[in-house]
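Shown next: run-v7.cif, given as mmCIF, C-alpha atoms and all ligand atoms.
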data_upload
loop_
_atom_site.label_atom_id
_atom_site.label_comp_id
_atom_site.auth_asym_id
_atom_site.auth_seq_id
_atom_site.Cartn_x
_atom_site.Cartn_y
_atom_site.Cartn_z
CA MET O 1 24.14 -4.74 12.16
CA PRO O 2 21.04 -2.72 11.23
CA ASN O 3 17.80 -4.67 11.39
CA ILE O 4 16.27 -6.05 8.22
CA VAL O 5 13.31 -3.64 8.17
CA GLU O 6 15.67 -0.65 8.41
CA SER O 7 17.90 -2.06 5.64
CA VAL O 8 14.97 -2.54 3.26
CA LYS O 9 13.49 0.85 4.16
CA LYS O 10 16.83 2.49 3.40
CA LYS O 11 16.89 0.86 -0.03
CA LEU O 12 13.29 1.90 -0.72
CA LEU O 13 14.05 5.49 0.28
CA GLU O 14 16.97 5.52 -2.17
CA TYR O 15 14.65 4.46 -5.00
CA ASN O 16 12.11 7.01 -3.76
CA LYS O 17 14.64 9.82 -3.89
CA LYS O 18 15.49 9.01 -7.51
CA SER O 19 11.86 8.67 -8.56
CA LEU O 20 10.95 11.93 -6.81
CA LYS O 21 13.70 13.71 -8.69
CA LYS O 22 12.58 12.19 -11.99
CA ASP O 23 8.78 12.35 -11.78
CA GLY O 24 8.15 14.74 -8.89
CA TYR O 25 6.03 12.16 -7.09
CA ASP O 26 6.88 11.13 -3.55
CA PHE O 27 5.69 7.53 -3.19
CA TRP O 28 6.93 7.27 0.37
CA ASP O 29 5.41 10.45 1.70
CA ASN O 30 2.14 10.14 -0.22
CA HIS O 31 1.45 6.45 0.14
CA ILE O 32 3.94 3.90 1.41
CA LYS O 33 4.57 5.42 4.85
CA TYR O 34 0.83 5.09 5.56
CA VAL O 35 0.72 1.50 4.31
CA PHE O 36 3.72 0.72 6.51
CA GLN O 37 2.12 2.23 9.62
CA ASN O 38 -1.24 0.51 8.93
CA ALA O 39 0.49 -2.82 8.33
CA HIS O 40 2.34 -2.46 11.63
CA ASN O 41 -0.82 -1.55 13.54
CA LEU O 42 -2.97 -4.29 11.96
CA ALA O 43 -0.28 -6.92 12.55
CA ILE O 44 -0.27 -6.12 16.26
CA LYS O 45 -4.05 -5.93 16.48
CA ARG O 46 -4.53 -9.25 14.65
CA LYS O 47 -1.57 -11.00 16.23
CA ALA O 48 0.10 -11.55 12.87
CA ASN O 49 3.82 -11.46 12.18
CA VAL O 50 4.83 -7.78 12.52
CA GLU O 51 8.15 -8.10 10.68
CA ILE O 52 6.57 -9.91 7.71
CA CYS O 53 3.87 -7.24 7.49
CA GLU O 54 6.33 -4.34 7.76
CA LEU O 55 8.62 -5.82 5.10
CA ALA O 56 5.74 -6.66 2.76
CA ALA O 57 4.46 -3.08 3.13
CA LEU O 58 7.88 -1.77 2.09
CA PHE O 59 7.99 -4.10 -0.90
CA HIS O 60 4.37 -3.99 -2.07
CA ASP O 61 4.80 -1.04 -4.50
CA MET O 62 8.59 -1.01 -4.66
CA ALA O 63 8.68 -2.03 -8.33
CA MET O 64 6.79 1.17 -9.20
CA VAL O 65 9.10 3.30 -7.09
CA ALA O 66 12.17 1.67 -8.64
CA ASP O 67 10.58 1.79 -12.10
CA PHE O 68 11.22 -1.94 -12.48
CA GLY O 69 8.88 -3.62 -14.98
CA PRO O 70 5.48 -2.44 -16.20
CA ARG O 71 3.31 -0.71 -13.58
CA ASP O 72 0.31 -2.93 -14.18
CA GLU O 73 2.42 -5.92 -13.15
CA HIS O 74 4.16 -4.22 -10.23
CA GLU O 75 3.02 -6.98 -7.84
CA LYS O 76 5.04 -9.58 -9.79
CA TYR O 77 8.11 -7.41 -10.18
CA GLY O 78 7.86 -6.29 -6.57
CA ALA O 79 7.75 -9.92 -5.42
CA GLN O 80 10.86 -10.57 -7.49
CA MET O 81 12.62 -7.63 -5.85
CA ALA O 82 11.61 -8.89 -2.41
CA ARG O 83 12.97 -12.33 -3.14
CA SER O 84 16.37 -11.20 -4.39
CA MET O 85 16.90 -8.39 -1.88
CA LEU O 86 15.92 -10.51 1.13
CA ALA O 87 17.97 -13.50 -0.06
CA GLU O 88 20.95 -11.18 -0.34
CA LEU O 89 20.34 -10.12 3.25
CA ASN O 90 20.30 -13.83 4.25
CA TYR O 91 16.70 -13.72 5.34
CA SER O 92 14.96 -17.05 5.97
CA LYS O 93 13.52 -18.80 2.89
CA GLU O 94 10.26 -19.53 4.66
CA LYS O 95 9.70 -15.87 5.53
CA ILE O 96 10.72 -14.75 2.04
CA ASN O 97 7.97 -16.98 0.64
CA LEU O 98 5.40 -15.38 2.93
CA ILE O 99 6.45 -11.86 1.97
CA GLU O 100 6.41 -12.77 -1.69
CA GLN O 101 2.80 -13.93 -1.37
CA CYS O 102 1.83 -10.69 0.39
CA VAL O 103 3.32 -8.61 -2.44
CA LEU O 104 1.85 -10.81 -5.19
CA HIS O 105 -1.66 -10.67 -3.73
CA HIS O 106 -1.92 -7.08 -2.48
CA ARG O 107 -4.12 -5.90 -5.36
CA SER O 108 -7.88 -6.37 -5.23
CA SER O 109 -7.77 -8.43 -8.46
CA GLN O 110 -5.84 -11.07 -6.50
CA ALA O 111 -8.15 -11.10 -3.47
CA ASN O 112 -9.25 -14.73 -3.79
CA LEU O 113 -5.65 -15.95 -3.87
CA ARG O 114 -4.85 -14.71 -0.36
CA ASN O 115 -4.16 -17.46 2.16
CA THR O 116 -2.54 -15.91 5.22
CA PRO O 117 -3.55 -13.17 7.69
CA GLU O 118 -0.44 -11.23 6.59
CA GLU O 119 -1.61 -11.19 2.96
CA GLN O 120 -4.97 -9.74 3.98
CA ILE O 121 -3.30 -7.22 6.27
CA ILE O 122 -1.16 -5.82 3.44
CA ALA O 123 -4.18 -5.56 1.14
CA ASP O 124 -6.19 -3.77 3.87
CA ALA O 125 -3.26 -1.53 4.85
CA ASP O 126 -2.88 -0.49 1.21
CA VAL O 127 -6.54 0.49 0.89
CA ILE O 128 -6.74 2.21 4.29
CA ALA O 129 -3.77 4.35 3.20
CA HIS O 130 -6.13 6.12 0.78
CA PHE O 131 -8.31 7.16 3.72
CA ASP O 132 -5.19 8.38 5.54
CA ASN O 133 -4.24 10.74 2.75
CA ILE O 134 -7.40 12.02 1.08
CA PRO O 135 -5.71 15.24 -0.12
CA SER O 136 -3.57 13.12 -2.46
CA LEU O 137 -6.76 11.78 -4.11
CA PHE O 138 -7.97 15.35 -4.72
CA SER O 139 -4.53 16.22 -6.06
CA LEU O 140 -4.79 13.29 -8.46
CA ALA O 141 -8.25 14.41 -9.62
CA TYR O 142 -7.50 18.12 -10.04
CA ASN O 143 -3.77 18.34 -10.74
CA LYS O 144 -3.03 15.14 -12.60
CA MET O 145 -6.34 14.30 -14.30
CA ASN O 146 -7.31 17.98 -14.63
CA LEU O 147 -10.95 17.23 -13.81
CA PRO O 148 -13.42 20.08 -13.30
CA MET O 149 -14.56 20.76 -9.71
CA GLN O 150 -17.72 18.59 -9.60
CA GLU O 151 -16.22 15.69 -11.53
CA GLY O 152 -13.14 15.70 -9.33
CA LYS O 153 -15.36 15.51 -6.28
CA GLU O 154 -17.34 12.61 -7.75
CA PHE O 155 -14.10 10.84 -8.66
CA VAL O 156 -12.79 10.97 -5.09
CA LYS O 157 -16.17 10.00 -3.63
CA ASP O 158 -16.50 6.96 -5.93
CA LYS O 159 -12.90 5.95 -5.33
CA LEU O 160 -13.34 5.95 -1.56
CA ALA O 161 -16.64 4.06 -1.81
CA ARG O 162 -15.03 1.42 -4.02
CA ASP O 163 -12.01 1.23 -1.71
CA TYR O 164 -14.22 0.65 1.31
CA LYS O 165 -15.83 -2.33 -0.43
CA LYS O 166 -12.40 -3.85 -1.11
CA LEU O 167 -11.61 -4.13 2.59
CA SER O 168 -11.97 -7.35 4.56
CA PRO O 169 -15.13 -7.47 6.70
CA LYS O 170 -12.99 -6.94 9.81
CA SER O 171 -11.42 -3.77 8.43
CA GLN O 172 -14.75 -2.52 7.10
CA LYS O 173 -16.14 -2.77 10.60
CA GLU O 174 -13.15 -0.99 12.10
CA LEU O 175 -13.23 1.78 9.52
CA LYS O 176 -17.02 2.22 9.37
CA LYS O 177 -17.28 5.26 11.64
CA ARG O 178 -14.40 7.03 9.93
CA PHE O 179 -15.74 6.19 6.48
CA ASP O 180 -19.20 7.58 7.30
CA THR O 181 -17.69 10.73 8.82
CA ILE O 182 -15.49 11.34 5.76
CA MET O 183 -18.43 10.86 3.41
CA ASN O 184 -20.66 13.16 5.47
CA VAL O 185 -18.09 15.91 5.81
CA LEU O 186 -16.72 15.95 2.27
CA PHE O 187 -19.70 14.98 0.15
CA VAL O 188 -22.84 16.48 1.64
CA TYR O 189 -24.64 16.90 -1.69
FE FE C 201 0.17 -1.68 -5.54
FE FE C 202 0.04 0.57 -2.58
#

In structure tokens, what does this structure look like?
Amino acid sequence: MPNIVESVKKKLLEYNKKSLKKDGYDFWDNHIKYVFQNAHNLAIKRKANVEICELAALFHDMAMVADFGPRDEHEKYGAQMARSMLAELNYSKEKINLIEQCVLHHRSSQANLRNTPEEQIIADADVIAHFDNIPSLFSLAYNKMNLPMQEGKEFVKDKLARDYKKLSPKSQKELKKRFDTIMNVLFVY
């Protein structure tokens, strides 16, 4: 029997394939694969539950990928997807609850509702993913928003600065050197 993480990843990649065909945007390649890797690494580093973190990373934006429910409520619809998919795979109720909380609270607007290390790890992994794929932020600014050169640059700079502030103090400390380097290299003036 394939393991649970592989089963959920397979399902996510199916949704991703459809969404890529429809909208031309590759959620997995541009974002989720980085969140997944960061969640895995942070779980090990912080001695949290690796499987919970990996599964929550796969589910955190799944509602957007699957086009299930409105995008601005994707945390609620994603949590719903996690619950039903994991129950179908006979996953433990206790762990399903934990994953559901991770998905529900991954957005910065829900920061004060986080209670477990896994919830904070998913939120941090999500934000760090932006630093892992800076070209996609420029693509958003210039290709999707059609911003002029200087405004696009300001947009990415402000976004990264805001993202850095969203991180937990632990992650801010760990990312500090990289954050400063990125800012110094990309935004000299
Ligand atoms: Fe999200
Ligand atoms: Fe995300």

Counting only C-alpha atoms and all ligand atoms, which protein, DNA or RNA residues come within 12 Å of ligand FE 202 (chain C), given as a short mmCIF file (atom, residue, chain, number, x, y, z; two decimals) with C-alpha atoms, in the coordinates of the input?
data_model
loop_
_atom_site.label_atom_id
_atom_site.label_comp_id
_atom_site.auth_asym_id
_atom_site.auth_seq_id
_atom_site.Cartn_x
_atom_site.Cartn_y
_atom_site.Cartn_z
CA PHE O 27 5.69 7.53 -3.19
CA TRP O 28 6.93 7.27 0.37
CA ASN O 30 2.14 10.14 -0.22
CA HIS O 31 1.45 6.45 0.14
CA ILE O 32 3.94 3.90 1.41
CA LYS O 33 4.57 5.42 4.85
CA TYR O 34 0.83 5.09 5.56
CA VAL O 35 0.72 1.50 4.31
CA PHE O 36 3.72 0.72 6.51
CA ASN O 38 -1.24 0.51 8.93
CA ALA O 39 0.49 -2.82 8.33
CA ALA O 56 5.74 -6.66 2.76
CA ALA O 57 4.46 -3.08 3.13
CA LEU O 58 7.88 -1.77 2.09
CA PHE O 59 7.99 -4.10 -0.90
CA HIS O 60 4.37 -3.99 -2.07
CA ASP O 61 4.80 -1.04 -4.50
CA MET O 62 8.59 -1.01 -4.66
CA ALA O 63 8.68 -2.03 -8.33
CA MET O 64 6.79 1.17 -9.20
CA VAL O 65 9.10 3.30 -7.09
CA ARG O 71 3.31 -0.71 -13.58
CA HIS O 74 4.16 -4.22 -10.23
CA GLU O 75 3.02 -6.98 -7.84
CA GLY O 78 7.86 -6.29 -6.57
CA CYS O 102 1.83 -10.69 0.39
CA VAL O 103 3.32 -8.61 -2.44
CA LEU O 104 1.85 -10.81 -5.19
CA HIS O 105 -1.66 -10.67 -3.73
CA HIS O 106 -1.92 -7.08 -2.48
CA ARG O 107 -4.12 -5.90 -5.36
CA SER O 108 -7.88 -6.37 -5.23
CA ILE O 122 -1.16 -5.82 3.44
CA ALA O 123 -4.18 -5.56 1.14
CA ASP O 124 -6.19 -3.77 3.87
CA ALA O 125 -3.26 -1.53 4.85
CA ASP O 126 -2.88 -0.49 1.21
CA VAL O 127 -6.54 0.49 0.89
CA ILE O 128 -6.74 2.21 4.29
CA ALA O 129 -3.77 4.35 3.20
CA HIS O 130 -6.13 6.12 0.78
#

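Picture a line from atom CA of O:Asp67 to atom CA of O:Ile134; it runs 24.5 Å.
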
Report task. Please provide the set of residues having any atom within 9 Å of O:Ile52, restricted to only C-alpha atoms, with same-chain residues fewer than 3 positions apart removed, written as an MDAnalysis selection string. Result -> chainID O and resid 43 48:49 55:57 95:96 98:99 102 118

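The smallest atom-to-atom distance between ligand FE 201 (chain C) and any of O:Glu6, O:Asp163, O:Asp23, O:Asp72, using only C-alpha atoms and all ligand atoms, is found for O:Asp72.
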
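Pairwise distance (atom CA of O:Pro117, atom CA of O:Tyr164) equals 18.6 Å.
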
Query raised in the report: Given the choices O:Lys144, O:Arg162, O:Lys76, O:Lys177, which gets closest to ligand FE 201 (chain C) if the distance is worked out from only C-alpha atoms and all ligand atoms?
Result: O:Lys76

Requested in this report: Calculate how many Å separate atom CA of O:Asn146 from atom FE of ligand FE 201 (chain C), rounding to one decimal.
Outcome: 22.9 Å

Query raised in the report: Leaving out O:Asn143 and any residue of its chain fewer than 6 positions from it, which residues lie within 10 Å of it when counting only C-alpha atoms, given as a ChimeraX atom specification?
Result: /O:136-137,152

Report summary line: Counting all atoms listed in the file, the residue among O:Ile4, O:Leu167, O:Ala79, O:Ala87 that lies closest to ligand FE 201 (chain C) is O:Ala79

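Taking all atoms listed in the file into account, ligand FE 201 (chain C) lies nearest to O:Ser109 out of the set O:Ser109, O:Asn184, O:Ser7, O:Gln172.
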
Query - O:Ser171, O:Gln37, O:Gln150, O:Gln110 ranked by distance to ligand FE 201 (chain C), top pick (using all atoms listed in the file) - result: O:Gln110

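Remark: for O:Glu14, the closest of the candidate residues O:Val50, O:Lys166, O:Ala66, O:Tyr189 is O:Ala66 (distances computed over only C-alpha atoms).
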
Starting from 6 Å padding per side, set up an axis-aligned box that covers all listed atoms of stretch 117-134 of chain O and hand over centre and edge lengths in Å, one decimal, as AutoDock Vina command-line options.
--center_x -4.4 --center_y -0.6 --center_z 4.2 --size_x 19.9 --size_y 37.2 --size_z 18.9

Missing atoms of stretch 119-151 of chain O rebuilt to N, CA and C atoms, written as an mmCIF file, in the coordinates of the input:
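Listed below is the output, selection.cif:
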data_model
loop_
_atom_site.group_PDB
_atom_site.id
_atom_site.type_symbol
_atom_site.label_atom_id
_atom_site.label_comp_id
_atom_site.auth_asym_id
_atom_site.auth_seq_id
_atom_site.Cartn_x
_atom_site.Cartn_y
_atom_site.Cartn_z
ATOM 1 N N GLU O 119 -1.211 -11.617 4.311
ATOM 2 C CA GLU O 119 -1.610 -11.190 2.960
ATOM 3 C C GLU O 119 -2.807 -10.245 3.014
ATOM 4 N N GLN O 120 -3.779 -10.588 3.856
ATOM 5 C CA GLN O 120 -4.970 -9.740 3.980
ATOM 6 C C GLN O 120 -4.630 -8.408 4.641
ATOM 7 N N ILE O 121 -3.711 -8.448 5.581
ATOM 8 C CA ILE O 121 -3.300 -7.220 6.270
ATOM 9 C C ILE O 121 -2.668 -6.229 5.291
ATOM 10 N N ILE O 122 -1.812 -6.722 4.408
ATOM 11 C CA ILE O 122 -1.160 -5.820 3.440
ATOM 12 C C ILE O 122 -2.210 -5.225 2.493
ATOM 13 N N ALA O 123 -3.130 -6.062 2.038
ATOM 14 C CA ALA O 123 -4.180 -5.560 1.140
ATOM 15 C C ALA O 123 -5.007 -4.491 1.856
ATOM 16 N N ASP O 124 -5.398 -4.739 3.101
ATOM 17 C CA ASP O 124 -6.190 -3.770 3.870
ATOM 18 C C ASP O 124 -5.379 -2.499 4.148
ATOM 19 N N ALA O 125 -4.114 -2.684 4.528
ATOM 20 C CA ALA O 125 -3.260 -1.530 4.850
ATOM 21 C C ALA O 125 -3.103 -0.622 3.641
ATOM 22 N N ASP O 126 -3.032 -1.229 2.472
ATOM 23 C CA ASP O 126 -2.880 -0.490 1.210
ATOM 24 C C ASP O 126 -4.122 0.365 0.946
ATOM 25 N N VAL O 127 -5.282 -0.222 1.146
ATOM 26 C CA VAL O 127 -6.540 0.490 0.890
ATOM 27 C C VAL O 127 -6.769 1.578 1.955
ATOM 28 N N ILE O 128 -6.518 1.239 3.213
ATOM 29 C CA ILE O 128 -6.740 2.210 4.290
ATOM 30 C C ILE O 128 -5.845 3.442 4.094
ATOM 31 N N ALA O 129 -4.680 3.227 3.460
ATOM 32 C CA ALA O 129 -3.770 4.350 3.200
ATOM 33 C C ALA O 129 -4.449 5.458 2.388
ATOM 34 N N HIS O 130 -5.412 5.085 1.548
ATOM 35 C CA HIS O 130 -6.130 6.120 0.780
ATOM 36 C C HIS O 130 -6.982 7.001 1.705
ATOM 37 N N PHE O 131 -7.505 6.393 2.749
ATOM 38 C CA PHE O 131 -8.310 7.160 3.720
ATOM 39 C C PHE O 131 -7.413 8.021 4.613
ATOM 40 N N ASP O 132 -6.141 7.621 4.710
ATOM 41 C CA ASP O 132 -5.190 8.380 5.540
ATOM 42 C C ASP O 132 -4.702 9.626 4.819
ATOM 43 N N ASN O 133 -4.805 9.614 3.510
ATOM 44 C CA ASN O 133 -4.240 10.740 2.750
ATOM 45 C C ASN O 133 -5.211 11.163 1.639
ATOM 46 N N ILE O 134 -6.375 11.617 2.043
ATOM 47 C CA ILE O 134 -7.400 12.020 1.080
ATOM 48 C C ILE O 134 -6.951 13.208 0.209
ATOM 49 N N PRO O 135 -6.178 14.158 0.756
ATOM 50 C CA PRO O 135 -5.710 15.240 -0.120
ATOM 51 C C PRO O 135 -4.986 14.735 -1.375
ATOM 52 N N SER O 136 -4.285 13.604 -1.265
ATOM 53 C CA SER O 136 -3.570 13.120 -2.460
ATOM 54 C C SER O 136 -4.554 12.638 -3.531
ATOM 55 N N LEU O 137 -5.752 12.192 -3.121
ATOM 56 C CA LEU O 137 -6.760 11.780 -4.110
ATOM 57 C C LEU O 137 -7.313 13.013 -4.839
ATOM 58 N N PHE O 138 -7.513 14.107 -4.084
ATOM 59 C CA PHE O 138 -7.970 15.350 -4.720
ATOM 60 C C PHE O 138 -6.887 15.895 -5.654
ATOM 61 N N SER O 139 -5.641 15.756 -5.218
ATOM 62 C CA SER O 139 -4.530 16.220 -6.060
ATOM 63 C C SER O 139 -4.504 15.440 -7.371
ATOM 64 N N LEU O 140 -4.740 14.123 -7.265
ATOM 65 C CA LEU O 140 -4.790 13.290 -8.460
ATOM 66 C C LEU O 140 -5.914 13.763 -9.393
ATOM 67 N N ALA O 141 -7.083 14.018 -8.819
ATOM 68 C CA ALA O 141 -8.250 14.410 -9.620
ATOM 69 C C ALA O 141 -8.036 15.777 -10.288
ATOM 70 N N TYR O 142 -7.575 16.760 -9.509
ATOM 71 C CA TYR O 142 -7.500 18.120 -10.040
ATOM 72 C C TYR O 142 -6.179 18.453 -10.724
ATOM 73 N N ASN O 143 -5.077 17.957 -10.178
ATOM 74 C CA ASN O 143 -3.770 18.340 -10.740
ATOM 75 C C ASN O 143 -3.298 17.400 -11.831
ATOM 76 N N LYS O 144 -3.545 16.089 -11.616
ATOM 77 C CA LYS O 144 -3.030 15.140 -12.600
ATOM 78 C C LYS O 144 -4.053 14.861 -13.705
ATOM 79 N N MET O 145 -5.319 14.616 -13.310
ATOM 80 C CA MET O 145 -6.340 14.300 -14.300
ATOM 81 C C MET O 145 -7.020 15.551 -14.839
ATOM 82 N N ASN O 146 -6.734 16.693 -14.209
ATOM 83 C CA ASN O 146 -7.310 17.980 -14.630
ATOM 84 C C ASN O 146 -8.838 17.971 -14.718
ATOM 85 N N LEU O 147 -9.485 17.304 -13.787
ATOM 86 C CA LEU O 147 -10.950 17.230 -13.810
ATOM 87 C C LEU O 147 -11.541 18.555 -13.321
ATOM 88 N N PRO O 148 -12.735 18.900 -13.843
ATOM 89 C CA PRO O 148 -13.420 20.080 -13.300
ATOM 90 C C PRO O 148 -13.880 19.807 -11.863
ATOM 91 N N MET O 149 -14.266 20.864 -11.141
ATOM 92 C CA MET O 149 -14.560 20.760 -9.710
ATOM 93 C C MET O 149 -15.509 19.613 -9.349
ATOM 94 N N GLN O 150 -16.715 19.591 -9.980
ATOM 95 C CA GLN O 150 -17.720 18.590 -9.600
ATOM 96 C C GLN O 150 -17.272 17.172 -9.938
ATOM 97 N N GLU O 151 -16.675 17.026 -11.110
ATOM 98 C CA GLU O 151 -16.220 15.690 -11.530
ATOM 99 C C GLU O 151 -15.103 15.167 -10.634
#
